[in-house]
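Student: File final.tsv below, TSV, C-alpha atoms and all ligand atoms:
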```tsv
chain	number	residue	atom	x	y	z
U	132	MET	CA	2.07	6.84	8.46
U	133	LYS	CA	-1.34	8.39	8.01
U	134	ARG	CA	-2.73	10.01	11.14
U	135	ARG	CA	-5.97	8.02	10.94
U	136	ASP	CA	-3.84	4.89	11.10
U	137	PHE	CA	-2.85	5.36	14.69
U	138	VAL	CA	-5.82	7.10	16.26
U	139	GLY	CA	-7.52	3.80	17.17
U	140	GLY	CA	-4.32	2.42	18.62
U	141	ILE	CA	-3.79	5.50	20.75
U	142	ALA	CA	-7.21	5.18	22.34
U	143	VAL	CA	-6.39	1.66	23.46
U	144	ALA	CA	-2.90	2.56	24.59
U	145	ALA	CA	-4.01	5.55	26.64
U	146	GLY	CA	-6.70	3.46	28.26
U	147	LEU	CA	-4.25	0.76	29.26
U	148	THR	CA	-1.40	2.89	30.50
U	149	GLY	CA	-3.18	5.92	31.89
U	150	CYS	CA	-0.70	7.97	29.89
U	151	ALA	CA	-1.03	11.63	30.81
U	152	LYS	CA	0.67	13.01	27.68
U	153	PRO	CA	-1.25	14.25	24.64
U	154	GLU	CA	-2.87	11.21	22.98
U	155	ASN	CA	-0.57	11.06	19.98
U	156	GLU	CA	2.49	10.77	22.23
U	157	CYS	CA	1.26	7.76	24.20
U	158	ASP	CA	2.10	4.14	23.65
U	159	LEU	CA	1.61	0.88	25.53
U	160	LYS	CA	5.03	1.16	27.12
U	161	VAL	CA	7.33	3.82	25.78
U	162	GLY	CA	5.24	6.89	25.02
U	163	VAL	CA	5.48	6.94	21.21
U	164	PRO	CA	2.57	6.58	18.77
U	165	VAL	CA	1.31	3.04	18.23
U	166	GLU	CA	2.16	1.89	14.73
U	167	THR	CA	-0.66	0.22	12.85
U	168	PHE	CA	-0.63	-1.92	9.70
U	169	GLU	CA	-3.13	-2.07	6.87
U	170	TRP	CA	-2.44	-5.06	4.65
U	171	SER	CA	-4.00	-6.56	1.56
U	172	CYS	CA	-4.49	-10.33	1.21
U	173	VAL	CA	-5.23	-11.98	-2.15
U	174	THR	CA	-6.83	-15.43	-2.27
U	175	SER	CA	-7.81	-18.18	-4.70
U	176	TRP	CA	-11.34	-18.49	-3.32
U	177	PRO	CA	-14.78	-17.24	-4.26
U	178	SER	CA	-15.81	-14.44	-1.89
U	179	ARG	CA	-16.79	-15.75	1.56
U	180	PHE	CA	-17.03	-19.32	0.19
U	181	PRO	CA	-17.96	-21.79	2.98
U	182	GLY	CA	-14.83	-23.26	4.56
U	183	LEU	CA	-12.06	-22.19	2.17
U	184	GLY	CA	-13.07	-18.54	1.76
U	185	MET	CA	-14.36	-18.07	5.29
U	186	ALA	CA	-11.08	-19.36	6.73
U	187	VAL	CA	-9.20	-16.31	5.48
U	188	GLU	CA	-12.05	-13.94	6.43
U	189	ASN	CA	-11.84	-15.38	9.94
U	190	LEU	CA	-8.05	-15.01	9.89
U	191	ALA	CA	-8.32	-11.29	9.15
U	192	GLU	CA	-11.10	-10.72	11.66
U	193	ARG	CA	-9.24	-12.54	14.46
U	194	ILE	CA	-5.93	-10.78	13.79
U	195	GLU	CA	-7.67	-7.40	13.94
U	196	ARG	CA	-9.44	-8.34	17.16
U	197	ALA	CA	-6.38	-9.88	18.83
U	198	SER	CA	-4.26	-6.85	17.93
U	199	ALA	CA	-6.91	-4.39	19.17
U	200	GLY	CA	-7.12	-2.94	15.68
U	201	ARG	CA	-3.39	-2.40	15.20
U	202	MET	CA	-3.44	-4.75	12.22
U	203	LYS	CA	-6.17	-4.66	9.58
U	204	ILE	CA	-6.22	-7.01	6.60
U	205	LYS	CA	-8.41	-6.48	3.54
U	206	ILE	CA	-9.33	-9.73	1.78
U	207	TYR	CA	-9.62	-9.98	-2.01
U	208	SER	CA	-11.42	-12.98	-3.51
U	209	GLY	CA	-9.91	-14.90	-6.45
U	210	GLY	CA	-9.77	-12.71	-9.55
U	211	GLU	CA	-10.65	-9.51	-7.73
U	212	LEU	CA	-7.11	-8.14	-7.61
U	213	VAL	CA	-5.09	-10.97	-9.21
U	214	PRO	CA	-6.21	-14.24	-10.91
U	215	PRO	CA	-6.92	-17.12	-8.48
U	216	PHE	CA	-3.75	-19.02	-9.39
U	217	GLU	CA	-1.39	-15.99	-9.23
U	218	VAL	CA	-1.52	-15.43	-5.48
U	219	PHE	CA	2.01	-16.80	-4.99
U	220	ASP	CA	3.55	-14.39	-7.53
U	221	ALA	CA	1.65	-11.33	-6.28
U	222	VAL	CA	2.87	-11.82	-2.69
U	223	SER	CA	6.35	-12.84	-3.82
U	224	ARG	CA	6.92	-9.59	-5.72
U	225	GLY	CA	5.38	-7.51	-2.92
U	226	ALA	CA	2.33	-6.27	-4.84
U	227	VAL	CA	0.42	-7.26	-1.68
U	228	GLU	CA	1.63	-8.27	1.77
U	229	MET	CA	-0.32	-11.52	2.22
U	230	GLY	CA	-1.99	-14.37	0.35
U	231	HIS	CA	-4.13	-17.41	1.13
U	232	ASN	CA	-4.34	-20.43	-1.19
U	233	ALA	CA	-3.30	-24.06	-1.55
U	234	PRO	CA	0.41	-24.94	-1.95
U	235	TYR	CA	-0.26	-27.49	-4.71
U	236	TYR	CA	-1.33	-24.66	-6.99
U	237	HIS	CA	2.42	-23.93	-7.38
U	238	LYS	CA	3.01	-27.21	-9.25
U	239	GLY	CA	5.29	-26.48	-12.19
U	240	LYS	CA	6.84	-23.52	-10.37
U	241	VAL	CA	7.70	-24.91	-6.93
U	242	ASP	CA	6.86	-28.60	-7.32
U	243	ALA	CA	7.96	-29.52	-3.81
U	244	ALA	CA	5.25	-27.27	-2.36
U	245	GLN	CA	2.81	-30.12	-3.04
U	246	PHE	CA	4.24	-32.02	-0.06
U	247	PHE	CA	2.86	-29.30	2.23
U	248	CYS	CA	-0.61	-29.63	0.71
U	249	ALA	CA	-1.81	-33.00	-0.57
U	250	ILE	CA	-0.03	-36.11	-1.78
U	251	PRO	CA	-2.33	-38.98	-2.83
U	252	PHE	CA	-2.36	-41.66	-0.10
U	253	GLY	CA	-0.18	-39.30	1.99
U	254	LEU	CA	-0.53	-37.50	5.33
U	255	ASN	CA	-3.98	-36.63	6.65
U	256	ASN	CA	-4.91	-33.36	8.36
U	257	MET	CA	-3.56	-34.04	11.84
U	258	GLU	CA	-0.49	-35.89	10.53
U	259	LEU	CA	0.40	-32.97	8.22
U	260	ASN	CA	-0.08	-30.54	11.09
U	261	ALA	CA	2.23	-32.72	13.23
U	262	TRP	CA	4.90	-32.94	10.54
U	263	VAL	CA	4.86	-29.17	9.84
U	264	HIS	CA	4.87	-28.01	13.47
U	265	TYR	CA	6.72	-30.77	15.31
U	266	GLY	CA	8.37	-33.04	12.72
U	267	GLY	CA	10.65	-30.59	10.91
U	268	GLY	CA	8.31	-29.77	8.01
U	269	LEU	CA	8.09	-26.03	8.70
U	270	LYS	CA	11.87	-25.55	8.45
U	271	LEU	CA	11.91	-27.26	5.04
U	272	TRP	CA	8.92	-25.20	3.90
U	273	ARG	CA	10.56	-21.91	4.95
U	274	GLU	CA	13.77	-22.88	3.10
U	275	LEU	CA	11.76	-23.76	-0.02
U	276	TYR	CA	9.97	-20.38	-0.11
U	277	GLU	CA	12.93	-18.22	0.96
U	278	PRO	CA	14.17	-17.62	-2.63
U	279	PHE	CA	10.70	-16.28	-3.42
U	280	ASN	CA	10.82	-13.77	-0.56
U	281	LEU	CA	7.91	-15.56	1.12
U	282	VAL	CA	7.20	-16.79	4.66
U	283	PRO	CA	4.65	-19.65	4.70
U	284	PHE	CA	2.25	-20.65	7.48
U	285	LEU	CA	-0.09	-23.64	7.58
U	286	CYS	CA	-3.52	-22.03	7.70
U	287	GLY	CA	-6.46	-24.39	7.24
U	288	ASN	CA	-7.18	-27.90	6.05
U	289	THR	CA	-10.35	-29.42	4.58
U	290	SER	CA	-9.51	-32.82	6.15
U	291	VAL	CA	-9.97	-35.94	4.00
U	292	GLN	CA	-11.97	-35.21	0.86
U	293	MET	CA	-14.37	-37.38	-1.16
U	294	GLY	CA	-13.40	-39.39	-4.25
U	295	GLY	CA	-15.90	-37.43	-6.30
U	296	TRP	CA	-19.08	-37.44	-8.36
U	297	PHE	CA	-19.31	-39.85	-11.29
U	298	ASN	CA	-21.88	-40.32	-14.03
U	299	LYS	CA	-20.87	-43.95	-14.43
U	300	GLU	CA	-20.13	-46.77	-12.01
U	301	ILE	CA	-16.52	-47.55	-11.15
U	302	ASN	CA	-16.32	-51.32	-10.67
U	303	SER	CA	-12.78	-51.94	-11.89
U	304	ILE	CA	-9.68	-50.03	-12.93
U	305	ASP	CA	-10.83	-50.41	-16.57
U	306	ASP	CA	-13.76	-48.12	-15.82
U	307	LEU	CA	-11.28	-45.24	-15.40
U	308	LYS	CA	-10.11	-45.65	-19.03
U	309	GLY	CA	-11.38	-42.78	-21.15
U	310	LEU	CA	-12.90	-41.07	-18.13
U	311	LYS	CA	-12.85	-37.28	-18.41
U	312	MET	CA	-12.56	-36.03	-14.87
U	313	ARG	CA	-11.90	-32.72	-13.19
U	314	ILE	CA	-9.07	-33.64	-10.84
U	315	PRO	CA	-6.05	-31.33	-10.35
U	316	GLY	CA	-2.49	-31.97	-9.22
U	317	LEU	CA	-0.78	-35.30	-8.67
U	318	GLY	CA	-4.15	-37.07	-8.43
U	319	GLY	CA	-4.82	-35.94	-11.99
U	320	GLU	CA	-1.49	-37.35	-13.18
U	321	VAL	CA	-2.35	-40.67	-11.51
U	322	LEU	CA	-5.71	-40.73	-13.34
U	323	ARG	CA	-3.95	-40.01	-16.64
U	324	ARG	CA	-1.70	-43.05	-16.18
U	325	ALA	CA	-4.75	-45.14	-15.34
U	326	GLY	CA	-6.09	-44.25	-18.80
U	327	GLY	CA	-8.31	-41.31	-17.90
U	328	THR	CA	-8.22	-37.66	-18.98
U	329	PRO	CA	-7.66	-35.25	-16.08
U	330	ILE	CA	-9.00	-31.74	-16.49
U	331	THR	CA	-8.31	-28.72	-14.31
U	332	LEU	CA	-11.26	-26.39	-13.82
U	333	PRO	CA	-11.85	-23.67	-11.23
U	334	GLY	CA	-14.69	-24.47	-8.84
U	335	SER	CA	-17.09	-22.09	-10.51
U	336	GLU	CA	-17.09	-24.08	-13.80
U	337	ILE	CA	-17.49	-27.58	-12.38
U	338	PHE	CA	-21.28	-27.87	-12.15
U	339	THR	CA	-22.02	-26.81	-15.74
U	340	SER	CA	-19.24	-29.01	-17.15
U	341	LEU	CA	-20.61	-32.05	-15.33
U	342	GLN	CA	-24.23	-31.32	-16.17
U	343	THR	CA	-23.58	-30.81	-19.89
U	344	GLY	CA	-21.43	-33.95	-20.13
U	345	ALA	CA	-18.25	-32.02	-20.97
U	346	ILE	CA	-16.74	-34.09	-18.12
U	347	ASP	CA	-17.84	-37.52	-16.82
U	348	ALA	CA	-16.75	-37.00	-13.25
U	349	THR	CA	-15.33	-34.48	-10.81
U	350	GLU	CA	-13.79	-34.30	-7.42
U	351	TRP	CA	-14.19	-31.06	-5.47
U	352	VAL	CA	-14.01	-31.26	-1.69
U	353	GLY	CA	-16.61	-33.18	0.31
U	354	PRO	CA	-20.32	-33.16	1.22
U	355	TYR	CA	-20.25	-29.68	2.80
U	356	ASN	CA	-18.77	-27.89	-0.23
U	357	ASP	CA	-20.05	-30.25	-2.95
U	358	LEU	CA	-23.71	-29.76	-2.09
U	359	SER	CA	-23.27	-25.98	-2.08
U	360	PHE	CA	-22.19	-26.30	-5.75
U	361	GLY	CA	-25.20	-28.56	-6.50
U	362	LEU	CA	-22.96	-31.38	-7.78
U	363	HIS	CA	-25.52	-33.96	-6.55
U	364	LYS	CA	-27.89	-32.62	-9.23
U	365	ALA	CA	-25.40	-33.34	-12.02
U	366	ALA	CA	-24.11	-36.84	-11.18
U	367	ARG	CA	-25.56	-39.98	-9.57
U	368	TYR	CA	-22.61	-41.81	-8.00
U	369	TYR	CA	-20.69	-40.33	-5.07
U	370	TYR	CA	-17.50	-42.29	-4.34
U	371	TYR	CA	-15.24	-42.34	-1.30
U	372	PRO	CA	-12.61	-42.02	0.07
U	373	GLY	CA	-10.69	-39.06	-1.38
U	374	TRP	CA	-7.46	-40.99	-2.02
U	375	GLN	CA	-6.20	-38.00	-4.00
U	376	GLU	CA	-6.49	-35.49	-1.14
U	377	PRO	CA	-6.20	-37.06	2.31
U	378	GLY	CA	-6.03	-33.71	4.12
U	379	PRO	CA	-4.90	-30.82	1.95
U	380	GLY	CA	-3.22	-28.06	3.91
U	381	LEU	CA	-3.86	-24.45	2.98
U	382	GLU	CA	-1.24	-21.76	3.38
U	383	CYS	CA	-1.03	-18.16	4.47
U	384	ILE	CA	1.99	-16.65	2.70
U	385	ILE	CA	3.52	-13.36	3.74
U	386	ASN	CA	6.00	-11.24	1.84
U	387	GLN	CA	9.32	-11.43	3.70
U	388	ASP	CA	9.78	-7.63	3.85
U	389	ALA	CA	6.23	-7.14	5.14
U	390	TRP	CA	6.84	-9.84	7.75
U	391	ASN	CA	10.08	-8.18	8.86
U	392	SER	CA	8.24	-4.88	9.29
U	393	LEU	CA	5.94	-6.32	11.98
U	394	PRO	CA	6.84	-5.99	15.67
U	395	THR	CA	7.32	-9.33	17.39
U	396	ASP	CA	3.96	-9.27	19.18
U	397	LEU	CA	2.07	-8.83	15.89
U	398	GLN	CA	4.19	-11.59	14.35
U	399	ALA	CA	3.10	-13.82	17.22
U	400	ILE	CA	-0.55	-12.87	16.71
U	401	VAL	CA	-0.33	-13.78	12.99
U	402	GLU	CA	1.42	-17.08	13.73
U	403	ILE	CA	-0.97	-18.15	16.49
U	404	THR	CA	-4.05	-17.08	14.54
U	405	CYS	CA	-2.98	-19.18	11.53
U	406	GLN	CA	-2.76	-22.20	13.83
U	407	SER	CA	-6.20	-21.42	15.23
U	408	ILE	CA	-7.64	-21.35	11.70
U	409	THR	CA	-6.32	-24.86	11.00
U	410	THR	CA	-8.03	-26.20	14.11
U	411	ASP	CA	-11.19	-24.21	13.50
U	412	MET	CA	-11.51	-25.27	9.88
U	413	ALA	CA	-11.28	-28.95	10.82
U	414	ALA	CA	-14.17	-28.40	13.22
U	415	GLU	CA	-16.19	-26.49	10.60
U	416	TYR	CA	-15.69	-29.24	8.01
U	417	THR	CA	-16.42	-32.07	10.42
U	418	ASN	CA	-19.69	-30.40	11.35
U	419	GLY	CA	-20.59	-29.23	7.83
U	420	ASN	CA	-19.80	-32.62	6.23
U	421	ALA	CA	-21.82	-34.47	8.88
U	422	ASN	CA	-24.85	-32.25	8.25
U	423	SER	CA	-24.59	-32.47	4.45
U	424	LEU	CA	-24.12	-36.25	4.60
U	425	GLN	CA	-27.55	-36.52	6.25
U	426	GLN	CA	-29.02	-34.82	3.19
U	427	ILE	CA	-27.11	-37.17	0.86
U	428	LEU	CA	-28.23	-40.29	2.71
U	429	ALA	CA	-31.85	-39.14	2.54
U	430	ASP	CA	-31.72	-38.50	-1.24
U	431	GLU	CA	-32.63	-41.65	-3.16
U	432	ASN	CA	-31.20	-40.23	-6.39
U	433	ILE	CA	-27.66	-40.36	-4.94
U	434	GLN	CA	-25.69	-43.61	-4.82
U	435	LEU	CA	-23.03	-43.30	-2.11
U	436	ARG	CA	-20.32	-45.92	-2.68
U	437	PRO	CA	-16.79	-46.90	-1.65
U	438	PHE	CA	-14.26	-47.33	-4.46
U	439	PRO	CA	-13.55	-51.06	-4.98
U	440	GLU	CA	-10.41	-52.06	-3.06
U	441	GLU	CA	-8.79	-53.27	-6.29
U	442	VAL	CA	-9.17	-49.79	-7.81
U	443	LEU	CA	-7.62	-48.07	-4.78
U	444	GLN	CA	-4.67	-50.48	-4.69
U	445	HIS	CA	-4.01	-49.88	-8.39
U	446	LEU	CA	-4.13	-46.10	-7.92
U	447	LYS	CA	-1.73	-46.44	-4.99
U	448	VAL	CA	0.83	-48.27	-7.15
U	449	ILE	CA	0.60	-45.59	-9.85
U	450	THR	CA	0.94	-42.87	-7.16
U	451	SER	CA	4.28	-44.40	-6.06
U	452	GLU	CA	5.55	-44.16	-9.63
U	453	VAL	CA	4.36	-40.57	-10.09
U	454	VAL	CA	5.88	-39.37	-6.80
U	455	ALA	CA	9.16	-41.23	-7.48
U	456	GLU	CA	9.48	-39.42	-10.81
U	457	LEU	CA	8.72	-36.08	-9.16
U	458	MET	CA	11.44	-36.70	-6.58
U	459	GLU	CA	13.96	-37.76	-9.26
U	460	SER	CA	13.28	-34.70	-11.37
U	461	ASP	CA	13.71	-32.00	-8.72
U	462	PRO	CA	16.28	-31.75	-5.87
U	463	SER	CA	13.88	-29.90	-3.54
U	464	SER	CA	11.17	-32.50	-4.11
U	465	SER	CA	13.73	-35.22	-3.44
U	466	LYS	CA	14.84	-33.71	-0.11
U	467	ILE	CA	11.35	-32.78	1.09
U	468	GLY	CA	9.74	-35.96	-0.28
U	469	GLU	CA	12.24	-38.10	1.64
U	470	ALA	CA	11.42	-36.27	4.86
U	471	PHE	CA	7.69	-36.55	4.10
U	472	TYR	CA	7.72	-40.32	3.54
U	473	GLU	CA	10.00	-40.96	6.49
U	474	TYR	CA	7.49	-39.11	8.66
U	475	LEU	CA	4.52	-40.88	7.04
U	476	ALA	CA	5.96	-44.31	7.88
U	477	LYS	CA	6.54	-43.29	11.48
U	478	VAL	CA	3.23	-41.54	12.05
U	479	GLU	CA	1.20	-44.24	10.30
U	480	ALA	CA	2.44	-46.88	12.72
U	481	ASN	CA	0.95	-44.78	15.48
U	482	SER	CA	-2.23	-43.89	13.55
U	483	ASN	CA	-2.87	-47.61	13.04
U	484	ILE	CA	-2.92	-48.42	16.74
U	485	SER	CA	-4.82	-45.27	17.73
U	486	GLU	CA	-7.28	-43.56	15.34
U	487	ARG	CA	-7.71	-46.49	12.94
U	488	ALA	CA	-8.00	-49.11	15.70
U	489	PHE	CA	-10.42	-46.98	17.67
U	490	LEU	CA	-12.68	-46.10	14.72
U	491	ASN	CA	-12.80	-49.77	13.65
U	492	THR	CA	-13.74	-50.77	17.18
U	493	ARG	CA	-16.40	-48.11	17.57
U	494	LYS	CA	-18.00	-49.21	14.30
U	495	LYS	CA	-18.43	-52.86	15.44
Z	1	CA	CA	-10.27	-31.58	-4.17
```
Please express the file's structure as structure tokens.
Ligand code: CA
Tutor:
Amino acid sequence: MKRRDFVGGIAVAAGLTGCAKPENECDLKVGVPVETFEWSCVTSWPSRFPGLGMAVENLAERIERASAGRMKIKIYSGGELVPPFEVFDAVSRGAVEMGHNAPYYHKGKVDAAQFFCAIPFGLNNMELNAWVHYGGGLKLWRELYEPFNLVPFLCGNTSVQMGGWFNKEINSIDDLKGLKMRIPGLGGEVLRRAGGTPITLPGSEIFTSLQTGAIDATEWVGPYNDLSFGLHKAARYYYYPGWQEPGPGLECIINQDAWNSLPTDLQAIVEITCQSITTDMAAEYTNGNANSLQQILADENIQLRPFPEEVLQHLKVITSEVVAELMESDPSSSKIGEAFYEYLAKVEANSNISERAFLNTRKK
């Protein structure tokens, strides 16, 4: 341990305990130097990007504050230390202690991780949070990541997204045929089976691709993030709802050995702070989306539209086929998918008589 690592901790400890020994012999309780931790965290996000990128900045800032400086985390934006989609591997092999990204980026490597992020027509933000923390989801998630030497935490959620920006009207399922659309993950596979061409692009390339006509449509997040990319200047039709991402959960992943090295109080600070980020991000997005929607509604060049019901029902049928194949092809996806859908059926019955019933009533 470098001496400068524990000087800050000693000042706090001496102040709290009134320890009369030389400073570097004092501790909160037992009179030994306070151990501090300086970690690196790689992410998939542009630096300090609203919502997604700020969530992990806030995580680091809050952990440092709550630990009185005993734990400092340096954040690296996507591509700065490792490519945006290699966060999982970097933390798994211990190149860095921590990572922040979206579990569905591990499709093809750990397919079942998608159940902890976004399944089309699946759990929304609060339902996912409930399943992970109270419905048995976290235990399954920990088991899934254990072979990769990783400990996962739910850490953020954009809440329900938008269907996306389109340069043509979608009046029937036939309008999806031949459509070139930026849409990742299972949603992209559903579009493919509906006759479209899904394309995966990082956020930074979406605007130019849409503006030049290289793609006909894109989904990104919702009003708050979409306007910051200027997508409203590259497409006319803005469709809702985001059937493909009803409430994608983000994850904080920690290398198992790094996690084991933390004392239990710092482990608790990390765990509790991750939960606070999920709550905080929902509030940020609710507020940011509401503000950006005002701008959208006032812009006569934007056509805000719901997808036709027939289109959504068709996409839902295809989703069932895609998820069934995923579950048949992979034992982990089968086990976790079964738990996911069992929970969805149960929680939806309650959502129908609470949130849905209330929002319908308030609208009348
Ligand atoms: Ca999205």
Student: Counting only C-alpha atoms, note down every residue that has an atom within 10 Å of the point (4.6, -14.1, 3.7) (file coordinates), as an MDAnalysis selection string.
Tutor: chainID U and resid 219 222:223 225 227:231 273 276:277 279:284 382:391
Student: Residues of segment 262-315 of chain U that have any atom at most 9 Å from an atom of segment 446-469 of chain U: could you tabulate them with the shortest-distance atom pair and the distance in Å to one decimal, using all atoms listed in the file, ordered by chain and increasing number, as CSV?
Tutor:
```
residue,atom,partner,partner_atom,distance
U:Gly268,CA,U:Ile467,CA,8.1
U:Leu271,CA,U:Ile467,CA,6.8
U:Trp272,CA,U:Ile467,CA,8.4
U:Leu275,CA,U:Ser463,CA,7.4
U:Ile304,CA,U:Leu446,CA,8.4
```
Student: List the neighbours of Gln342 of chain U out to 8 Å using all atoms listed in the file; skip same-chain residues closer than 6 positions along the sequence, and give me the result as a tab-separated table (two decimals) with C-alpha atoms, in the frame of the given file.
Tutor:
```
chain	number	residue	atom	x	y	z
U	364	LYS	CA	-27.89	-32.62	-9.23
U	365	ALA	CA	-25.40	-33.34	-12.02
U	366	ALA	CA	-24.11	-36.84	-11.18
```
Student: Which value, in Å to one decimal, gives the distance between atom CA of Ala249 of chain U and atom CA of Phe216 of chain U?
Tutor: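 If I compute the distance from atom CA of Ala249 of chain U to atom CA of Phe216 of chain U, I get 16.6 Å.
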Student: I'd like a table as CSV: residues in chain U with an atom no more than 7 Å from ligand CA 1 (chain Z), each row giving the shortest atom pair and its distance in Å to one decimal, only C-alpha atoms and all ligand atoms counted, sorted by chain and rising residue number.
Tutor:
```
residue,atom,partner,partner_atom,distance
U:Gln292,CA,Z:CA1,CA,6.4
U:Glu350,CA,Z:CA1,CA,5.5
U:Trp351,CA,Z:CA1,CA,4.2
U:Val352,CA,Z:CA1,CA,4.5
U:Glu376,CA,Z:CA1,CA,6.2
```
Student: What is the atom CA of Tyr355 of chain U-atom CA of Leu285 of chain U distance in Å, reported with one decimal?
Tutor: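 One can read the atom CA of Tyr355 of chain U to atom CA of Leu285 of chain U distance as 21.6 Å.
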Student: Which value, in Å to one decimal, gives the distance between atom CA of Trp296 of chain U and atom CA of Thr339 of chain U?
Tutor: 13.3 Å
Student: Which one of U:Gly184, U:Val401, U:Pro251, U:Ser178 sits closest to Ala197 of chain U if you count only C-alpha atoms?
Tutor: U:Val401
Student: Would you mind listing, for every residue of segment 302-413 of chain U within 12 Å of segment 188-196 of chain U, the two atoms forming the shortest contact and the distance between them in Å to one decimal, using all atoms listed in the file, sorted by chain and ascending residue number, as JSON lines?
Tutor:
```
{"residue": "U:Glu382", "atom": "CA", "partner": "U:Leu190", "partner_atom": "CA", "distance": 11.6}
{"residue": "U:Cys383", "atom": "CA", "partner": "U:Leu190", "partner_atom": "CA", "distance": 9.4}
{"residue": "U:Asp396", "atom": "CA", "partner": "U:Ile194", "partner_atom": "CA", "distance": 11.4}
{"residue": "U:Leu397", "atom": "CA", "partner": "U:Ile194", "partner_atom": "CA", "distance": 8.5}
{"residue": "U:Gln398", "atom": "CA", "partner": "U:Ile194", "partner_atom": "CA", "distance": 10.2}
{"residue": "U:Ala399", "atom": "CA", "partner": "U:Ile194", "partner_atom": "CA", "distance": 10.1}
{"residue": "U:Ile400", "atom": "CA", "partner": "U:Ile194", "partner_atom": "CA", "distance": 6.5}
{"residue": "U:Val401", "atom": "CA", "partner": "U:Ile194", "partner_atom": "CA", "distance": 6.4}
{"residue": "U:Glu402", "atom": "CA", "partner": "U:Ile194", "partner_atom": "CA", "distance": 9.7}
{"residue": "U:Ile403", "atom": "CA", "partner": "U:Ile194", "partner_atom": "CA", "distance": 9.3}
{"residue": "U:Thr404", "atom": "CA", "partner": "U:Leu190", "partner_atom": "CA", "distance": 6.5}
{"residue": "U:Cys405", "atom": "CA", "partner": "U:Leu190", "partner_atom": "CA", "distance": 6.8}
{"residue": "U:Gln406", "atom": "CA", "partner": "U:Leu190", "partner_atom": "CA", "distance": 9.8}
{"residue": "U:Ser407", "atom": "CA", "partner": "U:Leu190", "partner_atom": "CA", "distance": 8.5}
{"residue": "U:Ile408", "atom": "CA", "partner": "U:Leu190", "partner_atom": "CA", "distance": 6.6}
{"residue": "U:Thr409", "atom": "CA", "partner": "U:Leu190", "partner_atom": "CA", "distance": 10.1}
{"residue": "U:Thr410", "atom": "CA", "partner": "U:Leu190", "partner_atom": "CA", "distance": 12.0}
{"residue": "U:Asp411", "atom": "CA", "partner": "U:Asn189", "partner_atom": "CA", "distance": 9.5}
{"residue": "U:Met412", "atom": "CA", "partner": "U:Asn189", "partner_atom": "CA", "distance": 9.9}
```
Student: Go through segment 209-274 of chain U and flag each residue having an atom no more than 8 Å from segment 475-494 of chain U; for those, report the closest pair of atoms plus their distance in Å to one decimal, using all atoms listed in the file, ordered by chain and rising number, as a Markdown table.
Tutor:
```
| residue | atom | partner | partner_atom | distance |
| --- | --- | --- | --- | --- |
| U:Gly253 | CA | U:Leu475 | CA | 7.1 |
| U:Leu254 | CA | U:Leu475 | CA | 6.3 |
| U:Glu258 | CA | U:Val478 | CA | 6.9 |
```
Student: Report as a list in words all protein, DNA and RNA residues lying within 10 Å of Arg323 of chain U, evaluated on all atoms listed in the file, omitting residues in the same chain fewer than 2 positions from it.
Tutor: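 Here the answer would be Leu307, Lys308, Gly309, Leu310, Lys311, Met312, Leu317, Gly318, Gly319, Glu320, Val321, Ala325, Gly326, Gly327, Thr328, Pro329, Ile330 and Ile449 of chain U.
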Student: Using all atoms listed in the file, which of U:Ile301, U:Met202, U:Leu259, U:Ala243 sits nearest Leu443 of chain U?
Tutor: U:Ile301
Student: Go through U:Glu431, U:Glu415, U:Asp357, U:Glu473 one by one, measure the shortest atom-to-atom distance of each to Ala186 of chain U using all atoms listed in the file, and give the residue with the smallest value.
Tutor: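 The answer is U:Glu415, which sits nearest to Ala186 of chain U.
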Student: Nearest to Glu211 of chain U among U:Pro177, U:Pro164, U:Gly316, U:Gly267, with distances taken over only C-alpha atoms: which residue is it?
Tutor: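 Distance minimum relative to Glu211 of chain U lands on U:Pro177.
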Student: In the coordinate frame of the file, compute which residues have an atom within 9 Å of (-16.5, -49.0, -2.3) when using all atoms listed in the file, and state them as a list in words.
Tutor: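 Within the cut-off we find Ile301, Asn302, Tyr370, Tyr371, Pro372, Leu435, Arg436, Pro437, Phe438, Pro439 and Glu440 of chain U.
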Student: Can those selected residues be exported to a file as an mmCIF file, in the coordinates of the input so that it contains C-alpha atoms?
Tutor:
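Okay, out35.cif is ready:
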```cif
data_model
loop_
_atom_site.group_PDB
_atom_site.id
_atom_site.type_symbol
_atom_site.label_atom_id
_atom_site.label_comp_id
_atom_site.auth_asym_id
_atom_site.auth_seq_id
_atom_site.Cartn_x
_atom_site.Cartn_y
_atom_site.Cartn_z
ATOM 1 C CA ILE U 301 -16.520 -47.550 -11.150
ATOM 2 C CA ASN U 302 -16.320 -51.320 -10.670
ATOM 3 C CA TYR U 370 -17.500 -42.290 -4.340
ATOM 4 C CA TYR U 371 -15.240 -42.340 -1.300
ATOM 5 C CA PRO U 372 -12.610 -42.020 0.070
ATOM 6 C CA LEU U 435 -23.030 -43.300 -2.110
ATOM 7 C CA ARG U 436 -20.320 -45.920 -2.680
ATOM 8 C CA PRO U 437 -16.790 -46.900 -1.650
ATOM 9 C CA PHE U 438 -14.260 -47.330 -4.460
ATOM 10 C CA PRO U 439 -13.550 -51.060 -4.980
ATOM 11 C CA GLU U 440 -10.410 -52.060 -3.060
#
```
Student: Of the residues U:Gln444, U:Ser340, U:Ser303, U:Asn260, which is the one nearest to Gly287 of chain U, using only C-alpha atoms?
Tutor: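 Answer, going by the shortest atom-to-atom distance: U:Asn260.
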